[in-house]
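A short worksheet on the structure shown next.
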Amino acid sequence: MISVLSVIALSCDGGGPSNPFVDPPCSDKIDNDGDGLTDYPDDPGCVHPTDDSEDSGAMPLCSDGRDNDGDGLTDYPYDPGCTLPNVDDETDDCPGGPSCPQCANGVDDDLNGTIDHGSDPGCQSAGDPTEVIDDPDACGAMLQVRHLPPDGKDSGTLDASSVSGLATSCGGGGGAPAIAYVFALSRPMVVVASTNSAATMVDTVLDLRSAECAGSGSSLACNDDVVGSPGTTSSTITKALGAGTYYVIVQGADVTQIGEYSLTVDRFAGEGSACSSIPDCGPGLLCRIPAGGAQLVCSQPVCGDGLDDDGDGKLDFPADPGCVSAVDADEADDCPSGPGCPDCSDGVDNDLDSLIDYPADTTCKAASNDSEACATTEGVVALTMPVTMGDLTSATHDVFPTCSLTTAMAKDRAYRLDVPTLSSLVLTVTGVDTVTSLLNSSCAGTPIQCGDAQTMTLANVAAGAYFFVVDGRVTTTTGAYTINASGKIANGASCESALAQSGAFTCGDGFACKGAAGA
């Protein structure tokens with residue numbers, strides 16, 4: 001009897017407590033809310049498997065306990081698509097995509113021996129854009145530090161709430177409004193930072209600094225105004241950098257500069273990176289096979305790569321006579337005894353001052369200079385082609401034309417012409433407003449011709465060396481210009497000069513350049 005009553009008691013359901021063994025609505029395999037979706041995780045109304053309702057409010061995708069993008073990682077802080085718990089998108093392109101944050105890309109971006117979220121102390125989540133440990137006072141107690149966004153773009157307002165006390169070589173500092181941005185490079189890259197945008201409403205200065213932002217000597221580059229853009233108040237820096245942590249500071253040119261700015265920091269393949277064409281490389285780098293190499297890599301120009309590319313025992317500009325500048329693409333020369341060897345590398349005391357060649361003769365600013373007598377700050381470059389490009393922007397004042405058509409301190413550059421006997425010589429300068437002078441082989445005295453016309457024309461020019469000086473019309477004259485050289489070689493005269501071989505000088509009508517060289 002007792003046994004029967006026990007069974008009856010266990011079978012009764014008179015409205016007492018619910019059965020504790022019944023699964024909650026989000027795990028009972030029933031579509032309780034009739035929306036066609038059943039249980040967690042399929043029904044978005046289920047926050048977790050034990051939820052007692054399929055009608056709960058949907059959680060942000062980065063907090064809903066689901067691997068919404070199918071990458072095997074769930075929610076903040078583990079999914080690199082989640083920068084915060086309330087973000088409603090887990091999408092990312094990690095680990096190898098261009099937008100993958102540093103804390104999930106499998107690279108030791110800050111070179112501290114640890115990698116990504118879970119290992120690197122600088123990563124608060126897999127979605128952190130940088131592995132760099134936050135140091136709010138890295139650039140000074142009063143200067144706000146932000147992480148540079150992955151796309152390198154940000155904007156803001158310069159005001160008194162964040163100021164820089166760091167001294168720079170080109171302005172800013174001294175309490176000027178400023179914002180600092182920190183970023184890390186995991187490999188060598190060329191970085192181009194700029195505020196040159198219509199959205200920049202203040203006169204800016206950019207200061208690029210190493211990891212020891214506030215340390216003495218940490219400034220790597222500084223720019224006030226964009227070069228070649230007179231009147232601009234924007235700034236730009238282009239710098240090749242190795243792997244490491246860096247800061248770029250956007251600041252007002254002085255304490256009065258308060259207003260909006262826009263910053264863009266572009267990163268390009270750096271020196272040593274594999275490439276297939278020049279556009280693959282950062283500004284200033286060429287895609288080529290360097291001396292001793294076997295494959296195309298982004299490299300400095302031949303005359304600035306630290307290699308003896310032509311095997312003459314001399315490296316780069318200014319030591320190699322084949323290098324007109326550090327960006328020259330060829331070290332080739334025929335020194336010391338070839339006809340094309342410049343005066344500053346030919347082993348001869350051309351100006352009889354007992355000093356021979358670069359660097360002993362201080363008139364020679366580089367081994368490629370073509371005069372030991374013509375004293376100029378930049379040195380003298382030979383005209384050898386029909387067209388030669390020049391620029392007065394970084395030039396200095398050395399020569400004052402006696403025709404007095406230019407101001408006393410205008411910038412100038414000097415060129416050498418080695419000519420055969422000519423029936424005519426025409427030199428034309430276009431571009432910025434200039435005054436030109438043609439001097440004899442002493443590079444001194446009264447000019448053979450001087451004027452401010454674009455074209456200088458001479459007849460019956462004797463064979464020999466001449467110096468052509470391009471001078472700014474006024475002190476503020478700056479910018480690029482082009483020299484066009486042409487001439488007619490006198491009948492029977494030599495046609496072996498570089499200007500003749502390049503086609504700048506031609507034989508007279510009915511005559512041709514022929515015969516044995518040197519005859």
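Residue numbers start at 1 in each chain; chains themselves are named A, B, ... in the order of the structure tokens; ligands are numbered from 1 in the order shown.
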Q) What are the DSSP strand (DSSP E) residues of segment 231-313 of chain A, as number ranges by chain? A) A: 236-241, 244-252, 259-269, 286-288, 297-299
Q: Go ahead and compute the interatomic distance for atom CA of Ala332 of chain A and atom CA of Ser486 of chain A, in Å to one decimal.
A: 24.9 Å
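For the residues A:Pro301, A:Pro77, A:Pro95, A:Pro85, ranking by smallest atom-to-atom distance to His117 of chain A using only C-alpha atoms places A:Pro77 first.
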Q: With a distance cut-off of 9 Å and only C-alpha atoms, select the neighbouring residues of segment 276-280 of chain A, excluding the residue or stretch itself and same-chain residues fewer than 5 positions from it, and output the selection as a PyMOL selection string.
A: chain A and resi 268-269+285-288+296-298
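Every protein, DNA or RNA residue with an atom at most 7 Å from Asp79 of chain A, where only C-alpha atoms count and chain neighbours fewer than 6 positions away do not, is listed here: Leu73, Glu90, Ala126 and Gly127 of chain A.
You can rank A:Thr238, A:Ser502, A:Thr396, A:Ser164 by their closest distance to Ala193 of chain A using only C-alpha atoms, and at the top of that list sits A:Thr238.
Between Gly508 of chain A and the residues A:Ser423, A:Gln449, A:Asn440, A:Ser368, the shortest atom-to-atom distance, using only C-alpha atoms, involves A:Ser423.
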Q: Would you mind listing what lies within 9 Å of Ser161 of chain A as a ChimeraX atom specification, with only C-alpha atoms counted and same-chain residues fewer than 6 positions away left out?
A: /A:142-144,177-178
Which residues are near Phe317 of chain A? Cut-off 8 Å, only C-alpha atoms, ignore same chain within fewer than 4 positions. Put them as a short mmCIF file (atom, residue, chain, number, x, y, z; two decimals) with C-alpha atoms, in the first residue's frame.
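result.cif was written with the following content:
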```cif
data_model
loop_
_atom_site.label_atom_id
_atom_site.label_comp_id
_atom_site.auth_asym_id
_atom_site.auth_seq_id
_atom_site.Cartn_x
_atom_site.Cartn_y
_atom_site.Cartn_z
CA CYS A 303 74.92 57.40 -55.74
CA GLY A 304 73.51 57.12 -52.22
CA PRO A 321 83.29 61.53 -59.72
CA CYS A 323 77.86 61.15 -59.05
CA VAL A 324 76.42 64.60 -59.66
CA SER A 325 74.14 64.22 -56.63
CA ALA A 326 73.10 61.65 -54.02
CA ALA A 366 82.23 67.15 -54.85
CA ALA A 367 84.41 64.87 -56.96
#
```
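Checking A:Ser337, A:Ser155, A:Asn112, A:Thr83 one by one against Ser197 of chain A, counting only C-alpha atoms, you find the shortest gap at A:Ser155.
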Q | Selection near Cys62 of chain A, 9 Å with only C-alpha atoms, sequence-local residues under 4 positions removed, as a PyMOL selection string | A | chain A and resi 66-68+74-77+79+81-90
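Backbone DSSP over segment 345-513 of chain A yields helix (DSSP H, G or I) at Ser345, Ala498, Leu499, Ala500 and Gln501 of chain A.
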Those same residues, written as a CSV table (one decimal), in the first residue's frame with C-alpha atoms?
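out05.csv, written as the output of this step:
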```csv
chain,number,residue,atom,x,y,z
A,345,SER,CA,89.0,64.3,-60.0
A,498,ALA,CA,80.0,65.6,-74.7
A,499,LEU,CA,77.6,68.3,-75.9
A,500,ALA,CA,78.3,67.3,-79.5
A,501,GLN,CA,77.9,63.6,-78.8
```
